[in-house]
>>> print(open('query_13.txt').read())   # compact mmCIF, C-alpha atoms
# COMPACT_ATOMS: atom_id res chain seq x y z
CA MET A 298 -11.15 17.56 23.93
CA LEU A 299 -12.76 14.32 22.78
CA GLN A 300 -9.42 13.12 21.42
CA LEU A 301 -7.78 13.83 24.79
CA ILE A 302 -10.46 11.86 26.64
CA SER A 303 -10.13 8.99 24.16
CA LEU A 304 -6.36 8.99 24.59
CA ILE A 305 -6.65 8.95 28.39
CA SER A 306 -9.25 6.16 28.20
CA ALA A 307 -7.03 4.06 25.97
CA TRP A 308 -3.93 4.41 28.15
CA ALA A 309 -5.27 4.66 31.73
CA ILE A 310 -5.45 0.95 32.53
CA PRO A 311 -2.19 -0.11 30.81
CA VAL A 312 -0.35 2.70 32.59
CA MET A 313 -1.80 1.70 35.98
CA ILE A 314 -1.05 -1.98 35.41
CA THR A 315 2.55 -1.07 34.65
CA PHE A 316 2.98 1.68 37.24
CA ILE A 317 1.68 -0.14 40.34
CA PRO A 318 4.05 -3.15 40.16
CA LEU A 319 6.99 -0.91 39.26
CA TYR A 320 6.24 1.39 42.17
CA ALA A 321 5.91 -1.58 44.53
CA TYR A 322 9.20 -2.99 43.25
CA THR A 323 11.01 0.30 43.91
CA ARG A 324 9.60 0.23 47.46
CA LYS A 325 11.08 -3.28 47.93
CA VAL A 326 7.64 -4.92 48.10
CA PRO A 327 7.74 -8.56 46.96
CA VAL A 328 5.31 -8.01 44.08
CA TYR A 329 4.74 -11.59 42.93
CA GLU A 330 4.48 -12.99 46.46
CA SER A 331 1.99 -10.26 47.39
CA PHE A 332 -0.04 -11.07 44.30
CA VAL A 333 -0.10 -14.80 45.11
CA GLU A 334 -1.13 -14.11 48.72
CA GLY A 335 -3.95 -11.85 47.53
CA ALA A 336 -5.08 -14.50 45.04
CA LYS A 337 -5.23 -17.07 47.87
CA ASP A 338 -7.39 -14.72 49.93
CA GLY A 339 -9.62 -14.07 46.93
CA PHE A 340 -10.08 -17.79 46.34
CA SER A 341 -11.14 -18.44 49.94
CA THR A 342 -13.54 -15.48 49.74
CA ALA A 343 -15.05 -16.88 46.53
CA ILE A 344 -15.59 -20.27 48.19
CA GLY A 345 -17.22 -18.54 51.17
CA ILE A 346 -19.75 -16.60 49.11
CA ILE A 347 -20.91 -19.46 46.87
CA PRO A 348 -23.81 -20.49 49.18
CA HIS A 349 -25.04 -16.90 49.33
CA LEU A 350 -24.76 -16.55 45.57
CA VAL A 351 -26.66 -19.79 44.91
CA GLY A 352 -29.43 -18.72 47.30
CA MET A 353 -29.78 -15.37 45.56
CA MET A 354 -29.87 -16.96 42.10
CA VAL A 355 -32.60 -19.38 43.20
CA ALA A 356 -34.65 -16.51 44.65
CA ILE A 357 -34.35 -14.50 41.42
CA SER A 358 -35.35 -17.51 39.33
CA VAL A 359 -38.40 -18.11 41.52
CA PHE A 360 -39.34 -14.41 41.32
CA ARG A 361 -39.25 -14.43 37.53
CA ALA A 362 -40.74 -17.90 36.98
CA SER A 363 -43.62 -17.33 39.41
CA GLY A 364 -44.96 -14.45 37.35
CA ALA A 365 -44.36 -11.92 40.15
CA LEU A 366 -42.31 -9.73 37.81
CA ASP A 367 -45.13 -9.68 35.23
CA PHE A 368 -47.69 -8.95 37.96
CA ILE A 369 -45.72 -5.98 39.28
CA MET A 370 -45.16 -4.68 35.73
CA GLY A 371 -48.89 -4.89 34.97
CA PHE A 372 -49.63 -2.83 38.08
CA ILE A 373 -47.02 -0.09 37.56
CA ALA A 374 -47.04 0.26 33.73
CA PRO A 375 -50.31 2.28 33.51
CA MET A 376 -48.96 4.82 36.01
CA LEU A 377 -45.76 5.32 34.00
CA HIS A 378 -47.74 5.56 30.77
CA GLY A 379 -49.58 8.56 32.25
CA PHE A 380 -46.24 10.38 32.48
CA GLY A 381 -45.19 9.41 28.95
CA VAL A 382 -42.58 6.93 30.16
CA PRO A 383 -42.13 3.96 27.79
CA ALA A 384 -43.39 0.81 29.51
CA GLU A 385 -40.56 -1.19 27.93
CA VAL A 386 -38.05 0.19 30.45
CA LEU A 387 -40.06 -0.84 33.52
CA PRO A 388 -38.78 -4.45 33.69
CA LEU A 389 -35.25 -3.07 33.65
CA GLY A 390 -35.99 -0.97 36.73
CA LEU A 391 -37.29 -4.06 38.49
CA LEU A 392 -34.55 -6.43 37.30
CA ARG A 393 -31.55 -4.17 37.86
CA PRO A 394 -31.52 -4.38 41.70
CA LEU A 395 -31.84 -8.16 41.42
CA THR A 396 -29.47 -9.29 38.71
CA GLY A 397 -26.77 -7.58 36.71
CA THR A 398 -26.63 -10.23 34.01
CA GLY A 399 -30.40 -10.37 33.60
CA SER A 400 -30.70 -6.59 33.40
CA LEU A 401 -27.81 -6.38 30.93
CA ALA A 402 -29.48 -9.02 28.75
CA TYR A 403 -32.75 -7.08 28.88
CA THR A 404 -30.94 -3.82 28.04
CA THR A 405 -29.23 -5.51 25.11
CA GLU A 406 -32.59 -6.76 23.86
CA LEU A 407 -34.16 -3.29 24.17
CA ILE A 408 -31.28 -1.77 22.22
CA ARG A 409 -31.47 -4.49 19.58
CA VAL A 410 -35.22 -3.99 19.10
CA HIS A 411 -35.48 -0.20 19.43
CA GLY A 412 -31.96 0.93 18.49
CA PRO A 413 -29.23 2.56 20.55
CA ASP A 414 -30.27 6.09 19.55
CA SER A 415 -33.95 5.63 20.44
CA LEU A 416 -35.39 7.12 23.61
CA ILE A 417 -35.91 3.62 24.99
CA GLY A 418 -32.31 2.67 24.20
CA MET A 419 -30.96 5.82 25.82
CA ILE A 420 -33.12 5.38 28.93
CA ALA A 421 -32.15 1.71 29.23
CA SER A 422 -28.45 2.52 28.89
CA THR A 423 -28.68 5.28 31.46
CA ILE A 424 -30.58 3.08 33.92
CA GLN A 425 -27.97 0.37 33.45
CA GLY A 426 -25.23 2.83 34.35
CA SER A 427 -26.97 4.74 37.15
CA THR A 428 -28.30 1.92 39.30
CA ASP A 429 -26.72 -1.09 40.96
CA THR A 430 -27.45 -4.73 41.65
CA THR A 431 -28.31 -4.01 45.27
CA LEU A 432 -29.45 -7.49 46.27
CA TYR A 433 -26.38 -9.04 44.65
CA VAL A 434 -24.07 -6.63 46.45
CA LEU A 435 -25.75 -7.23 49.79
CA THR A 436 -25.80 -10.99 49.35
CA VAL A 437 -22.25 -11.42 48.15
CA TYR A 438 -20.35 -8.77 50.06
CA PHE A 439 -22.27 -8.92 53.31
CA GLY A 440 -22.14 -12.72 53.15
CA ALA A 441 -18.39 -12.62 52.57
CA VAL A 442 -17.70 -10.59 55.70
CA GLY A 443 -20.40 -12.20 57.85
CA ILE A 444 -22.84 -9.29 58.20
CA ARG A 445 -26.23 -10.75 59.08
CA ASN A 446 -28.35 -7.63 59.60
CA GLY A 447 -28.32 -5.52 56.47
CA ARG A 448 -31.81 -4.04 56.67
CA TYR A 449 -30.64 -0.41 56.63
CA ALA A 450 -28.28 -1.08 53.75
CA LEU A 451 -31.14 -2.78 51.88
CA LYS A 452 -33.44 0.21 52.38
CA VAL A 453 -30.81 2.72 51.32
CA GLY A 454 -29.71 0.58 48.36
CA LEU A 455 -33.22 0.08 47.02
CA PHE A 456 -34.03 3.76 47.57
CA SER A 457 -30.92 4.79 45.64
CA ASP A 458 -31.88 2.37 42.85
CA ALA A 459 -35.34 3.96 42.68
CA VAL A 460 -33.83 7.45 42.60
CA GLY A 461 -31.37 6.37 39.88
CA PHE A 462 -34.21 4.82 37.86
CA VAL A 463 -36.40 7.92 38.07
CA ALA A 464 -33.48 10.30 37.46
CA ALA A 465 -32.37 8.33 34.40
CA ILE A 466 -35.87 8.54 32.92
CA VAL A 467 -36.35 12.24 33.73
CA ILE A 468 -32.93 13.29 32.44
CA CYS A 469 -33.20 11.21 29.27
CA MET A 470 -36.68 12.54 28.54
CA LEU A 471 -35.48 16.13 29.08
CA VAL A 472 -32.31 15.75 27.05
CA PHE A 473 -33.36 13.28 24.34
CA GLY A 474 -37.17 13.29 24.45
>>> encode(input="query_13.txt", output="structure tokens")
Amino acid sequence: MLQLISLISAWAIPVMITFIPLYAYTRKVPVYESFVEGAKDGFSTAIGIIPHLVGMMVAISVFRASGALDFIMGFIAPMLHGFGVPAEVLPLGLLRPLTGTGSLAYTTELIRVHGPDSLIGMIASTIQGSTDTTLYVLTVYFGAVGIRNGRYALKVGLFSDAVGFVAAIVICMLVFG
């Protein structure tokens, strides 16, 4: 079974990259022209979201440099310790909704220090895969399409991040702890 999954994983993307243009060609779709038109649209979208992206990056930098992240960690860490949750994973839960690159760097550091097979490494990896960069998604995608009022999406996104964070810890502690 593992060999079958590995085989599918190795061939899925090359097959799709080959199949989609061939299918479009058989349907008389101008493949290259469609690609170029899509690339033009993507470029204009990228230009449109740059101000939103810069604003978000500045806000994240201020949040981290001001010591707010350390303050929040100092407040929440004793509560997690009471449940046997390693305090090292807490910054990841706070960083992940803010920045994908920052949370990936922190996850990499946790795995380097504690090892990929440690409980902390497993929890960090699971958190990384079960939560999203909510503020990035809202900033970039909502900014790209001009949505100005995303308060419900923000609430639902942050709630789902919290649920993913807690579920990742609980499942990892049950399975690996």
>>> atom_distance(input="query_13.txt", atom1="atom CA of Phe372 of chain A", atom2="atom CA of Ala384 of chain A")
11.2 Å
>>> closest_residue(input="query_13.txt", among="A:Gly345, A:Pro318, A:Gly474, A:Gly447", to="Phe332 of chain A", atoms="only C-alpha atoms")
A:Pro318
>>> atom_distance(input="query_13.txt", atom1="atom CA of Ile369 of chain A", atom2="atom CA of Glu385 of chain A")
13.4 Å
>>> residues_near_point(input="query_13.txt", point="(-30.8, -7.8, 35.0)", cutoff="10 Å", atoms="all atoms listed in the file", output="number ranges by chain")
A: 357, 388-404, 425, 429-430
>>> atom_distance(input="query_13.txt", atom1="atom CA of Ile444 of chain A", atom2="atom CA of Asp458 of chain A")
21.3 Å
>>> closest_residue(input="query_13.txt", among="A:Asn446, A:Ser358, A:Thr323, A:Ser457", to="Ile424 of chain A", atoms="all atoms listed in the file")
A:Ser457
>>> closest_residue(input="query_13.txt", among="A:Leu299, A:Ile346, A:Ile317, A:Val326", to="Val442 of chain A", atoms="all atoms listed in the file")
A:Ile346
>>> residues_around(input="query_13.txt", residues="Leu451 of chain A", least_positions_apart="6", cutoff="8 Å", atoms="only C-alpha atoms", output="NGL selection string")
:A and (431-432 or 435)
>>> residues_around(input="query_13.txt", residues="Val386 of chain A", least_positions_apart="4", cutoff="8 Å", atoms="only C-alpha atoms", output="count of residues only")
4
>>> closest_residue(input="query_13.txt", among="A:Ser363, A:Thr315, A:Ser427, A:Thr342", to="Gly440 of chain A", atoms="all atoms listed in the file")
A:Thr342
>>> closest_residue(input="query_13.txt", among="A:Val382, A:Ala336, A:Ala441, A:Val410", to="Phe462 of chain A", atoms="all atoms listed in the file")
A:Val382
>>> decode(input="query_13.txt", residues="segment 399-413 of chain A", atoms="all heavy atoms", output="PDB file, in the first residue's frame")
ATOM      1  N   GLY A 399       7.515  32.744   8.843  1.00  0.00           N
ATOM      2  CA  GLY A 399       7.990  32.800  10.222  1.00  0.00           C
ATOM      3  C   GLY A 399       7.663  31.531  10.985  1.00  0.00           C
ATOM      4  O   GLY A 399       8.493  31.015  11.737  1.00  0.00           O
ATOM      5  N   SER A 400       6.455  31.012  10.784  1.00  0.00           N
ATOM      6  CA  SER A 400       6.085  29.774  11.482  1.00  0.00           C
ATOM      7  C   SER A 400       6.858  28.579  10.940  1.00  0.00           C
ATOM      8  O   SER A 400       7.223  27.678  11.700  1.00  0.00           O
ATOM      9  CB  SER A 400       4.580  29.535  11.389  1.00  0.00           C
ATOM     10  OG  SER A 400       4.171  29.340  10.063  1.00  0.00           O
ATOM     11  N   LEU A 401       7.134  28.557   9.639  1.00  0.00           N
ATOM     12  CA  LEU A 401       7.936  27.469   9.073  1.00  0.00           C
ATOM     13  C   LEU A 401       9.367  27.515   9.615  1.00  0.00           C
ATOM     14  O   LEU A 401       9.953  26.486   9.939  1.00  0.00           O
ATOM     15  CB  LEU A 401       7.936  27.527   7.555  1.00  0.00           C
ATOM     16  CG  LEU A 401       8.691  26.411   6.846  1.00  0.00           C
ATOM     17  CD1 LEU A 401       8.124  25.046   7.207  1.00  0.00           C
ATOM     18  CD2 LEU A 401       8.646  26.620   5.342  1.00  0.00           C
ATOM     19  N   ALA A 402       9.914  28.723   9.728  1.00  0.00           N
ATOM     20  CA  ALA A 402      11.260  28.861  10.287  1.00  0.00           C
ATOM     21  C   ALA A 402      11.288  28.396  11.739  1.00  0.00           C
ATOM     22  O   ALA A 402      12.228  27.712  12.165  1.00  0.00           O
ATOM     23  CB  ALA A 402      11.720  30.316  10.193  1.00  0.00           C
ATOM     24  N   TYR A 403      10.250  28.739  12.491  1.00  0.00           N
ATOM     25  CA  TYR A 403      10.193  28.305  13.894  1.00  0.00           C
ATOM     26  C   TYR A 403      10.038  26.789  13.982  1.00  0.00           C
ATOM     27  O   TYR A 403      10.674  26.142  14.814  1.00  0.00           O
ATOM     28  CB  TYR A 403       9.056  29.024  14.627  1.00  0.00           C
ATOM     29  CG  TYR A 403       9.099  28.791  16.104  1.00  0.00           C
ATOM     30  CD1 TYR A 403      10.026  29.463  16.899  1.00  0.00           C
ATOM     31  CD2 TYR A 403       8.253  27.886  16.719  1.00  0.00           C
ATOM     32  CE1 TYR A 403      10.093  29.236  18.266  1.00  0.00           C
ATOM     33  CE2 TYR A 403       8.311  27.645  18.074  1.00  0.00           C
ATOM     34  CZ  TYR A 403       9.237  28.329  18.841  1.00  0.00           C
ATOM     35  OH  TYR A 403       9.311  28.092  20.195  1.00  0.00           O
ATOM     36  N   THR A 404       9.196  26.205  13.117  1.00  0.00           N
ATOM     37  CA  THR A 404       9.030  24.752  13.089  1.00  0.00           C
ATOM     38  C   THR A 404      10.354  24.069  12.759  1.00  0.00           C
ATOM     39  O   THR A 404      10.723  23.076  13.387  1.00  0.00           O
ATOM     40  CB  THR A 404       7.955  24.348  12.058  1.00  0.00           C
ATOM     41  OG1 THR A 404       6.718  24.946  12.433  1.00  0.00           O
ATOM     42  CG2 THR A 404       7.794  22.843  11.979  1.00  0.00           C
ATOM     43  N   THR A 405      11.061  24.600  11.780  1.00  0.00           N
ATOM     44  CA  THR A 405      12.355  24.049  11.398  1.00  0.00           C
ATOM     45  C   THR A 405      13.331  24.085  12.570  1.00  0.00           C
ATOM     46  O   THR A 405      14.061  23.116  12.809  1.00  0.00           O
ATOM     47  CB  THR A 405      12.927  24.825  10.199  1.00  0.00           C
ATOM     48  OG1 THR A 405      11.981  24.768   9.133  1.00  0.00           O
ATOM     49  CG2 THR A 405      14.251  24.269   9.749  1.00  0.00           C
ATOM     50  N   GLU A 406      13.309  25.180  13.301  1.00  0.00           N
ATOM     51  CA  GLU A 406      14.198  25.307  14.463  1.00  0.00           C
ATOM     52  C   GLU A 406      13.815  24.301  15.558  1.00  0.00           C
ATOM     53  O   GLU A 406      14.690  23.669  16.164  1.00  0.00           O
ATOM     54  CB  GLU A 406      14.155  26.728  15.012  1.00  0.00           C
ATOM     55  CG  GLU A 406      15.080  26.976  16.172  1.00  0.00           C
ATOM     56  CD  GLU A 406      16.559  26.825  15.819  1.00  0.00           C
ATOM     57  OE1 GLU A 406      16.930  26.854  14.629  1.00  0.00           O
ATOM     58  OE2 GLU A 406      17.369  26.664  16.752  1.00  0.00           O
ATOM     59  N   LEU A 407      12.516  24.136  15.806  1.00  0.00           N
ATOM     60  CA  LEU A 407      12.077  23.151  16.803  1.00  0.00           C
ATOM     61  C   LEU A 407      12.522  21.747  16.411  1.00  0.00           C
ATOM     62  O   LEU A 407      12.985  20.973  17.255  1.00  0.00           O
ATOM     63  CB  LEU A 407      10.557  23.191  16.967  1.00  0.00           C
ATOM     64  CG  LEU A 407       9.964  24.357  17.738  1.00  0.00           C
ATOM     65  CD1 LEU A 407       8.441  24.289  17.715  1.00  0.00           C
ATOM     66  CD2 LEU A 407      10.469  24.393  19.161  1.00  0.00           C
ATOM     67  N   ILE A 408      12.375  21.414  15.134  1.00  0.00           N
ATOM     68  CA  ILE A 408      12.767  20.087  14.673  1.00  0.00           C
ATOM     69  C   ILE A 408      14.279  19.915  14.735  1.00  0.00           C
ATOM     70  O   ILE A 408      14.783  18.855  15.091  1.00  0.00           O
ATOM     71  CB  ILE A 408      12.217  19.837  13.251  1.00  0.00           C
ATOM     72  CG1 ILE A 408      10.689  19.692  13.330  1.00  0.00           C
ATOM     73  CG2 ILE A 408      12.849  18.622  12.608  1.00  0.00           C
ATOM     74  CD1 ILE A 408      10.005  19.646  11.989  1.00  0.00           C
ATOM     75  N   ARG A 409      15.025  20.972  14.431  1.00  0.00           N
ATOM     76  CA  ARG A 409      16.479  20.888  14.507  1.00  0.00           C
ATOM     77  C   ARG A 409      16.936  20.669  15.947  1.00  0.00           C
ATOM     78  O   ARG A 409      17.811  19.854  16.213  1.00  0.00           O
ATOM     79  CB  ARG A 409      17.117  22.163  13.951  1.00  0.00           C
ATOM     80  CG  ARG A 409      18.643  22.091  13.850  1.00  0.00           C
ATOM     81  CD  ARG A 409      19.268  23.413  13.485  1.00  0.00           C
ATOM     82  NE  ARG A 409      19.108  24.442  14.493  1.00  0.00           N
ATOM     83  CZ  ARG A 409      19.785  24.499  15.643  1.00  0.00           C
ATOM     84  NH1 ARG A 409      20.675  23.576  15.938  1.00  0.00           N
ATOM     85  NH2 ARG A 409      19.572  25.463  16.502  1.00  0.00           N
ATOM     86  N   VAL A 410      16.313  21.372  16.889  1.00  0.00           N
ATOM     87  CA  VAL A 410      16.725  21.281  18.290  1.00  0.00           C
ATOM     88  C   VAL A 410      16.235  19.988  18.943  1.00  0.00           C
ATOM     89  O   VAL A 410      16.990  19.310  19.643  1.00  0.00           O
ATOM     90  CB  VAL A 410      16.211  22.510  19.083  1.00  0.00           C
ATOM     91  CG1 VAL A 410      16.408  22.330  20.580  1.00  0.00           C
ATOM     92  CG2 VAL A 410      16.910  23.772  18.609  1.00  0.00           C
ATOM     93  N   HIS A 411      14.970  19.634  18.723  1.00  0.00           N
ATOM     94  CA  HIS A 411      14.372  18.513  19.449  1.00  0.00           C
ATOM     95  C   HIS A 411      14.304  17.217  18.643  1.00  0.00           C
ATOM     96  O   HIS A 411      14.051  16.157  19.215  1.00  0.00           O
ATOM     97  CB  HIS A 411      12.962  18.888  19.927  1.00  0.00           C
ATOM     98  CG  HIS A 411      12.952  20.053  20.846  1.00  0.00           C
ATOM     99  ND1 HIS A 411      13.306  19.966  22.175  1.00  0.00           N
ATOM    100  CD2 HIS A 411      12.648  21.357  20.636  1.00  0.00           C
ATOM    101  CE1 HIS A 411      13.215  21.148  22.741  1.00  0.00           C
ATOM    102  NE2 HIS A 411      12.817  22.017  21.831  1.00  0.00           N
ATOM    103  N   GLY A 412      14.473  17.315  17.329  1.00  0.00           N
ATOM    104  CA  GLY A 412      14.417  16.126  16.478  1.00  0.00           C
ATOM    105  C   GLY A 412      13.036  15.927  15.875  1.00  0.00           C
ATOM    106  O   GLY A 412      12.027  16.272  16.484  1.00  0.00           O
ATOM    107  N   PRO A 413      12.990  15.352  14.686  1.00  0.00           N
ATOM    108  CA  PRO A 413      11.710  15.173  14.004  1.00  0.00           C
ATOM    109  C   PRO A 413      10.817  14.114  14.654  1.00  0.00           C
ATOM    110  O   PRO A 413       9.602  14.150  14.495  1.00  0.00           O
ATOM    111  CB  PRO A 413      12.112  14.742  12.589  1.00  0.00           C
ATOM    112  CG  PRO A 413      13.481  14.180  12.730  1.00  0.00           C
ATOM    113  CD  PRO A 413      14.127  14.907  13.880  1.00  0.00           C
TER     114      PRO A 413
END
